file data-v8.pdb (PDB, C-alpha atoms and all ligand atoms)
ATOM      1  CA  MET Q   1      -8.549  -1.450  20.089  1.00  0.00           C
ATOM      2  CA  LEU Q   2      -5.086  -1.310  18.522  1.00  0.00           C
ATOM      3  CA  ARG Q   3      -6.409  -3.561  15.795  1.00  0.00           C
ATOM      4  CA  ASP Q   4      -9.275  -1.131  15.076  1.00  0.00           C
ATOM      5  CA  VAL Q   5      -6.860   1.781  14.740  1.00  0.00           C
ATOM      6  CA  HIS Q   6      -4.474  -0.208  12.547  1.00  0.00           C
ATOM      7  CA  LEU Q   7      -7.341  -1.348  10.368  1.00  0.00           C
ATOM      8  CA  ALA Q   8      -8.408   2.268   9.849  1.00  0.00           C
ATOM      9  CA  PHE Q   9      -4.845   3.209   8.820  1.00  0.00           C
ATOM     10  CA  ILE Q  10      -4.747   0.196   6.510  1.00  0.00           C
ATOM     11  CA  LYS Q  11      -7.980   1.335   4.837  1.00  0.00           C
ATOM     12  CA  VAL Q  12      -6.481   4.782   4.257  1.00  0.00           C
ATOM     13  CA  HIS Q  13      -3.418   3.137   2.662  1.00  0.00           C
ATOM     14  CA  ILE Q  14      -5.672   1.048   0.439  1.00  0.00           C
ATOM     15  CA  LEU Q  15      -7.655   4.108  -0.702  1.00  0.00           C
ATOM     16  CA  TYR Q  16      -4.456   6.052  -1.328  1.00  0.00           C
ATOM     17  CA  HIS Q  17      -2.836   3.315  -3.411  1.00  0.00           C
ATOM     18  CA  ALA Q  18      -6.040   2.500  -5.277  1.00  0.00           C
ATOM     19  CA  ALA Q  19      -6.278   6.189  -6.209  1.00  0.00           C
ATOM     20  CA  LYS Q  20      -2.827   5.969  -7.828  1.00  0.00           C
ATOM     21  CA  GLU Q  21      -3.252   2.637  -9.629  1.00  0.00           C
ATOM     22  CA  ASP Q  22      -5.298  -0.554  -9.625  1.00  0.00           C
ATOM     23  CA  VAL Q  23      -4.314  -2.691  -6.667  1.00  0.00           C
ATOM     24  CA  PHE Q  24      -4.462  -6.392  -5.837  1.00  0.00           C
ATOM     25  CA  GLY Q  25      -4.274  -8.394  -2.605  1.00  0.00           C
ATOM     26  CA  ILE Q  26      -0.710  -9.683  -2.575  1.00  0.00           C
ATOM     27  CA  GLY Q  27       0.628  -6.328  -3.765  1.00  0.00           C
ATOM     28  CA  LEU Q  28      -1.150  -4.585  -0.887  1.00  0.00           C
ATOM     29  CA  ILE Q  29       0.107  -7.136   1.658  1.00  0.00           C
ATOM     30  CA  GLU Q  30       3.693  -6.457   0.481  1.00  0.00           C
ATOM     31  CA  GLU Q  31       3.229  -2.691   0.442  1.00  0.00           C
ATOM     32  CA  LEU Q  32       1.657  -2.615   3.906  1.00  0.00           C
ATOM     33  CA  GLY Q  33       4.390  -4.959   5.149  1.00  0.00           C
ATOM     34  CA  ARG Q  34       6.933  -2.280   4.210  1.00  0.00           C
ATOM     35  CA  HIS Q  35       5.043   0.086   6.503  1.00  0.00           C
ATOM     36  CA  GLY Q  36       5.195  -2.416   9.369  1.00  0.00           C
ATOM     37  CA  TYR Q  37       1.685  -3.871   9.133  1.00  0.00           C
ATOM     38  CA  LYS Q  38       1.657  -7.652   9.204  1.00  0.00           C
ATOM     39  CA  LEU Q  39      -1.493  -8.346   7.287  1.00  0.00           C
ATOM     40  CA  SER Q  40      -2.866 -11.796   6.533  1.00  0.00           C
ATOM     41  CA  PRO Q  41      -5.065 -12.533   3.524  1.00  0.00           C
ATOM     42  CA  GLY Q  42      -7.742 -13.473   6.099  1.00  0.00           C
ATOM     43  CA  THR Q  43      -7.816  -9.848   7.237  1.00  0.00           C
ATOM     44  CA  LEU Q  44      -7.154  -8.095   3.946  1.00  0.00           C
ATOM     45  CA  TYR Q  45      -9.684  -9.815   1.699  1.00  0.00           C
ATOM     46  CA  PRO Q  46     -12.698  -9.261   3.979  1.00  0.00           C
ATOM     47  CA  THR Q  47     -11.571  -5.622   4.332  1.00  0.00           C
ATOM     48  CA  LEU Q  48     -11.420  -5.219   0.544  1.00  0.00           C
ATOM     49  CA  ALA Q  49     -14.828  -6.907   0.214  1.00  0.00           C
ATOM     50  CA  LYS Q  50     -16.303  -4.543   2.808  1.00  0.00           C
ATOM     51  CA  MET Q  51     -14.843  -1.513   1.033  1.00  0.00           C
ATOM     52  CA  GLN Q  52     -16.309  -2.837  -2.208  1.00  0.00           C
ATOM     53  CA  GLN Q  53     -19.742  -3.290  -0.585  1.00  0.00           C
ATOM     54  CA  SER Q  54     -19.532   0.280   0.726  1.00  0.00           C
ATOM     55  CA  GLY Q  55     -18.992   1.488  -2.828  1.00  0.00           C
ATOM     56  CA  LEU Q  56     -15.415   2.707  -2.271  1.00  0.00           C
ATOM     57  CA  LEU Q  57     -13.798   0.185  -4.605  1.00  0.00           C
ATOM     58  CA  THR Q  58     -14.809  -1.828  -7.623  1.00  0.00           C
ATOM     59  CA  CYS Q  59     -13.340  -5.203  -8.396  1.00  0.00           C
ATOM     60  CA  GLU Q  60     -12.441  -6.875 -11.670  1.00  0.00           C
ATOM     61  CA  CYS Q  61     -10.941 -10.289 -12.346  1.00  0.00           C
ATOM     62  CA  ARG Q  62      -7.972 -10.373 -14.698  1.00  0.00           C
ATOM     63  CA  THR Q  63      -5.757 -13.213 -15.780  1.00  0.00           C
ATOM     64  CA  VAL Q  64      -2.082 -12.534 -15.107  1.00  0.00           C
ATOM     65  CA  GLN Q  65       0.447 -15.241 -16.005  1.00  0.00           C
ATOM     66  CA  HIS Q  66      -2.330 -17.836 -16.208  1.00  0.00           C
ATOM     67  CA  LYS Q  67      -3.620 -16.894 -12.764  1.00  0.00           C
ATOM     68  CA  GLN Q  68      -6.885 -15.178 -11.938  1.00  0.00           C
ATOM     69  CA  ARG Q  69      -6.289 -12.074  -9.935  1.00  0.00           C
ATOM     70  CA  LYS Q  70      -8.764  -9.579  -8.470  1.00  0.00           C
ATOM     71  CA  TYR Q  71      -7.880  -5.975  -9.182  1.00  0.00           C
ATOM     72  CA  TYR Q  72      -9.459  -3.163  -7.207  1.00  0.00           C
ATOM     73  CA  LYS Q  73     -10.141   0.292  -8.557  1.00  0.00           C
ATOM     74  CA  ILE Q  74     -11.196   3.326  -6.522  1.00  0.00           C
ATOM     75  CA  THR Q  75     -14.661   4.796  -7.175  1.00  0.00           C
ATOM     76  CA  ARG Q  76     -15.783   8.417  -7.099  1.00  0.00           C
ATOM     77  CA  ALA Q  77     -17.128   7.840  -3.560  1.00  0.00           C
ATOM     78  CA  GLY Q  78     -13.732   6.381  -2.605  1.00  0.00           C
ATOM     79  CA  LEU Q  79     -11.938   9.457  -3.961  1.00  0.00           C
ATOM     80  CA  GLU Q  80     -14.305  11.743  -2.069  1.00  0.00           C
ATOM     81  CA  LEU Q  81     -13.710   9.818   1.150  1.00  0.00           C
ATOM     82  CA  LEU Q  82      -9.940   9.980   0.574  1.00  0.00           C
ATOM     83  CA  ASP Q  83     -10.120  13.763   0.156  1.00  0.00           C
ATOM     84  CA  ASP Q  84     -12.098  14.043   3.371  1.00  0.00           C
ATOM     85  CA  VAL Q  85      -9.660  11.756   5.203  1.00  0.00           C
ATOM     86  CA  LYS Q  86      -6.693  13.843   3.983  1.00  0.00           C
ATOM     87  CA  VAL Q  87      -8.127  16.976   5.618  1.00  0.00           C
ATOM     88  CA  LYS Q  88      -8.743  15.132   8.889  1.00  0.00           C
ATOM     89  CA  LEU Q  89      -5.353  13.421   8.725  1.00  0.00           C
ATOM     90  CA  LYS Q  90      -3.597  16.762   8.331  1.00  0.00           C
ATOM     91  CA  GLU Q  91      -5.477  18.163  11.310  1.00  0.00           C
ATOM     92  CA  LEU Q  92      -4.678  15.053  13.347  1.00  0.00           C
ATOM     93  CA  TYR Q  93      -1.013  15.290  12.377  1.00  0.00           C
ATOM     94  CA  GLU Q  94      -0.833  18.957  13.356  1.00  0.00           C
ATOM     95  CA  GLU Q  95      -2.299  18.212  16.757  1.00  0.00           C
ATOM     96  CA  VAL Q  96      -0.888  14.805  17.687  1.00  0.00           C
ATOM     97  CA  ILE Q  97       2.557  15.001  16.085  1.00  0.00           C
ATOM     98  CA  LYS Q  98       3.274  18.703  16.052  1.00  0.00           C
ATOM     99  CA  GLY Q  99       1.374  19.546  19.227  1.00  0.00           C
ATOM    100  CA  LYS Q 100      -0.494  22.473  17.686  1.00  0.00           C
ATOM    101  CA  GLY Q 101      -3.884  21.696  19.149  1.00  0.00           C
ATOM    102  CA  ASN Q 102      -6.197  24.440  20.304  1.00  0.00           C
ATOM    103  CA  CYS Q 103      -7.240  22.812  23.543  1.00  0.00           C
TER
HETATM  104 ZN    ZN Q 201       1.104   2.733   1.530  1.00  0.00          ZN
END
call {"tool": "encode", "arguments": {"input": "data-v8.pdb", "output": "structure tokens"}}
result
Amino acid sequence: MLRDVHLAFIKVHILYHAAKEDVFGIGLIEELGRHGYKLSPGTLYPTLAKMQQSGLLTCECRTVQHKQRKYYKITRAGLELLDDVKVKLKELYEEVIKGKGNC
């Protein structure tokens, strides 16, 4: 259960960062590590692949310092989902963190 919740937060991070710039696996593992998520490539890459299959990200291979690296870019559908998530995240924050729920 905790893993499911963490994975959802991780997906939001991925969408957010991909909206700002193209992202790649190792970069995301480092970034998420700073937020306290210990993420293995075995978890991240299938997650990225799933997000790609869902049409949230597109992927492109680029050669950086003689190494092939997969870069992920957010799609229009990904941006729309991120906007939707932001509204729900704000509402969740108001209720869970600030205790301003209606019920
Ligand atoms: Zn982040």
call {"tool": "residues_around", "arguments": {"input": "data-v8.pdb", "residues": "segment 6-8 of chain Q", "least_positions_apart": "3", "cutoff": "10 Å", "atoms": "all atoms listed in the file", "output": "VMD selection string"}}
result
chain Q and resid 1 to 3 11 to 14 37 39 43 to 44 47
call {"tool": "write_last_selection", "arguments": {"input": "data-v8.pdb", "atoms": "C-alpha atoms", "output": "PDB file, in the coordinates of the input"}}
result
ATOM      1  CA  MET Q   1      -8.549  -1.450  20.089  1.00  0.00           C
ATOM      2  CA  LEU Q   2      -5.086  -1.310  18.522  1.00  0.00           C
ATOM      3  CA  ARG Q   3      -6.409  -3.561  15.795  1.00  0.00           C
ATOM      4  CA  LYS Q  11      -7.980   1.335   4.837  1.00  0.00           C
ATOM      5  CA  VAL Q  12      -6.481   4.782   4.257  1.00  0.00           C
ATOM      6  CA  HIS Q  13      -3.418   3.137   2.662  1.00  0.00           C
ATOM      7  CA  ILE Q  14      -5.672   1.048   0.439  1.00  0.00           C
ATOM      8  CA  TYR Q  37       1.685  -3.871   9.133  1.00  0.00           C
ATOM      9  CA  LEU Q  39      -1.493  -8.346   7.287  1.00  0.00           C
ATOM     10  CA  THR Q  43      -7.816  -9.848   7.237  1.00  0.00           C
ATOM     11  CA  LEU Q  44      -7.154  -8.095   3.946  1.00  0.00           C
ATOM     12  CA  THR Q  47     -11.571  -5.622   4.332  1.00  0.00           C
TER      13      THR Q  47
END
call {"tool": "atom_distance", "arguments": {"input": "data-v8.pdb", "atom1": "atom CA of Leu28 of chain Q", "atom2": "atom CA of Thr58 of chain Q"}}
result
15.5 Å
call {"tool": "resolve_selection", "arguments": {"input": "data-v8.pdb", "expression": "the PyMOL selection byres (((not hetatm)) within 12 of (chain Q and resi 201))", "output": "ChimeraX atom specification"}}
result
/Q:9-21,23,27-37
call {"tool": "residues_around", "arguments": {"input": "data-v8.pdb", "residues": "Gly25 of chain Q", "least_positions_apart": "5", "cutoff": "8 Å", "atoms": "only C-alpha atoms", "output": "NGL selection string"}}
result
:Q and (41 or 44-45 or 70-71)
call {"tool": "axis_aligned_box", "arguments": {"input": "data-v8.pdb", "around": "segment 1-11 of chain Q", "padding_each_side": "8 Å", "output": "AutoDock Vina command-line options"}}
result
--center_x -6.9 --center_y -0.2 --center_z 12.5 --size_x 20.8 --size_y 22.8 --size_z 31.3
call {"tool": "residues_around", "arguments": {"input": "data-v8.pdb", "residues": "Gly78 of chain Q", "least_positions_apart": "2", "cutoff": "9 Å", "atoms": "all atoms listed in the file", "output": "list of chain:residue names"}}
result
Q:Leu15, Q:Ala19, Q:Met51, Q:Gly55, Q:Leu56, Q:Leu57, Q:Ile74, Q:Thr75, Q:Arg76, Q:Glu80, Q:Leu81, Q:Leu82, Q:Asp83
call {"tool": "atom_distance", "arguments": {"input": "data-v8.pdb", "atom1": "atom CA of Glu60 of chain Q", "atom2": "atom CA of Asp22 of chain Q"}}
result
9.8 Å
call {"tool": "atom_distance", "arguments": {"input": "data-v8.pdb", "atom1": "atom CA of Ile26 of chain Q", "atom2": "atom CA of Leu48 of chain Q"}}
result
12.0 Å
call {"tool": "decode", "arguments": {"input": "data-v8.pdb", "residues": "segment 35-68 of chain Q", "atoms": "N, CA, C and O atoms", "output": "compact mmCIF listing (two decimals), in the first residue's frame"}}
result
# COMPACT_ATOMS: atom_id res chain seq x y z
N HIS Q 35 14.49 13.81 -2.58
CA HIS Q 35 13.21 13.92 -1.90
C HIS Q 35 12.95 12.74 -0.96
O HIS Q 35 11.86 12.61 -0.40
N GLY Q 36 13.92 11.84 -0.84
CA GLY Q 36 13.78 10.72 0.09
C GLY Q 36 13.19 9.45 -0.50
O GLY Q 36 12.86 8.53 0.23
N TYR Q 37 13.06 9.39 -1.83
CA TYR Q 37 12.57 8.16 -2.46
C TYR Q 37 13.76 7.37 -2.96
O TYR Q 37 14.52 7.86 -3.79
N LYS Q 38 13.91 6.17 -2.41
CA LYS Q 38 14.99 5.29 -2.91
C LYS Q 38 14.41 4.49 -4.06
O LYS Q 38 13.63 3.57 -3.87
N LEU Q 39 14.79 4.87 -5.25
CA LEU Q 39 14.19 4.28 -6.44
C LEU Q 39 15.24 3.49 -7.21
O LEU Q 39 16.32 4.00 -7.50
N SER Q 40 14.92 2.25 -7.54
CA SER Q 40 15.87 1.45 -8.32
C SER Q 40 15.50 1.57 -9.79
O SER Q 40 14.34 1.84 -10.13
N PRO Q 41 16.47 1.36 -10.68
CA PRO Q 41 16.15 1.37 -12.11
C PRO Q 41 15.06 0.36 -12.44
O PRO Q 41 14.24 0.59 -13.31
N GLY Q 42 15.01 -0.75 -11.69
CA GLY Q 42 14.01 -1.79 -11.90
C GLY Q 42 12.58 -1.33 -11.61
O GLY Q 42 11.63 -1.96 -12.04
N THR Q 43 12.46 -0.26 -10.84
CA THR Q 43 11.14 0.33 -10.59
C THR Q 43 10.89 1.49 -11.53
O THR Q 43 9.81 1.64 -12.09
N LEU Q 44 11.93 2.32 -11.70
CA LEU Q 44 11.75 3.54 -12.50
C LEU Q 44 11.47 3.25 -13.97
O LEU Q 44 10.53 3.80 -14.54
N TYR Q 45 12.29 2.39 -14.58
CA TYR Q 45 12.15 2.21 -16.03
C TYR Q 45 10.80 1.61 -16.44
O TYR Q 45 10.19 2.10 -17.39
N PRO Q 46 10.29 0.61 -15.71
CA PRO Q 46 8.94 0.14 -16.06
C PRO Q 46 7.88 1.23 -15.85
O PRO Q 46 6.89 1.29 -16.59
N THR Q 47 8.09 2.10 -14.85
CA THR Q 47 7.14 3.20 -14.61
C THR Q 47 7.17 4.18 -15.78
O THR Q 47 6.12 4.59 -16.29
N LEU Q 48 8.37 4.52 -16.24
CA LEU Q 48 8.51 5.42 -17.40
C LEU Q 48 7.88 4.78 -18.64
O LEU Q 48 7.19 5.46 -19.41
N ALA Q 49 8.11 3.48 -18.82
CA ALA Q 49 7.56 2.78 -19.99
C ALA Q 49 6.02 2.79 -19.94
O ALA Q 49 5.37 3.00 -20.96
N LYS Q 50 5.47 2.60 -18.73
CA LYS Q 50 4.02 2.61 -18.58
C LYS Q 50 3.45 4.00 -18.89
O LYS Q 50 2.41 4.13 -19.54
N MET Q 51 4.16 5.03 -18.42
CA MET Q 51 3.70 6.40 -18.66
C MET Q 51 3.78 6.73 -20.15
O MET Q 51 2.97 7.49 -20.67
N GLN Q 52 4.78 6.14 -20.80
CA GLN Q 52 4.93 6.33 -22.25
C GLN Q 52 3.78 5.63 -22.99
O GLN Q 52 3.15 6.21 -23.88
N GLN Q 53 3.48 4.39 -22.56
CA GLN Q 53 2.37 3.64 -23.18
C GLN Q 53 1.03 4.34 -22.99
O GLN Q 53 0.15 4.28 -23.83
N SER Q 54 0.90 5.04 -21.84
CA SER Q 54 -0.36 5.77 -21.57
C SER Q 54 -0.43 7.09 -22.31
O SER Q 54 -1.39 7.83 -22.17
N GLY Q 55 0.63 7.42 -23.03
CA GLY Q 55 0.64 8.65 -23.83
C GLY Q 55 0.96 9.90 -23.04
O GLY Q 55 0.70 11.02 -23.49
N LEU Q 56 1.56 9.74 -21.85
CA LEU Q 56 1.91 10.90 -21.02
C LEU Q 56 3.30 11.42 -21.35
O LEU Q 56 3.59 12.61 -21.15
N LEU Q 57 4.16 10.53 -21.82
CA LEU Q 57 5.54 10.89 -22.15
C LEU Q 57 5.89 10.34 -23.53
O LEU Q 57 5.31 9.34 -23.96
N THR Q 58 6.83 11.00 -24.18
CA THR Q 58 7.42 10.40 -25.38
C THR Q 58 8.90 10.20 -25.08
O THR Q 58 9.46 10.86 -24.20
N CYS Q 59 9.50 9.28 -25.80
CA CYS Q 59 10.88 8.92 -25.51
C CYS Q 59 11.72 9.06 -26.76
O CYS Q 59 11.26 8.77 -27.86
N GLU Q 60 12.96 9.51 -26.57
CA GLU Q 60 13.86 9.67 -27.70
C GLU Q 60 15.27 9.29 -27.25
O GLU Q 60 15.70 9.66 -26.16
N CYS Q 61 15.95 8.53 -28.07
CA CYS Q 61 17.33 8.13 -27.74
C CYS Q 61 18.29 9.19 -28.22
O CYS Q 61 18.21 9.64 -29.35
N ARG Q 62 19.20 9.60 -27.35
CA ARG Q 62 20.24 10.56 -27.73
C ARG Q 62 21.57 10.03 -27.26
O ARG Q 62 21.65 9.33 -26.26
N THR Q 63 22.62 10.38 -27.98
CA THR Q 63 23.95 9.97 -27.57
C THR Q 63 24.60 11.10 -26.79
O THR Q 63 24.72 12.22 -27.29
N VAL Q 64 24.93 10.82 -25.55
CA VAL Q 64 25.59 11.81 -24.68
C VAL Q 64 26.90 11.20 -24.22
O VAL Q 64 26.91 10.14 -23.60
N GLN Q 65 28.00 11.86 -24.51
CA GLN Q 65 29.34 11.37 -24.16
C GLN Q 65 29.50 9.88 -24.54
O GLN Q 65 29.87 9.06 -23.71
N HIS Q 66 29.20 9.62 -25.79
CA HIS Q 66 29.33 8.27 -26.38
C HIS Q 66 28.41 7.23 -25.77
O HIS Q 66 28.59 6.03 -25.97
N LYS Q 67 27.44 7.68 -24.96
CA LYS Q 67 26.50 6.71 -24.39
C LYS Q 67 25.10 7.01 -24.88
O LYS Q 67 24.71 8.16 -24.98
N GLN Q 68 24.35 5.96 -25.15
CA GLN Q 68 22.95 6.12 -25.55
C GLN Q 68 22.12 6.39 -24.30
O GLN Q 68 22.25 5.69 -23.30
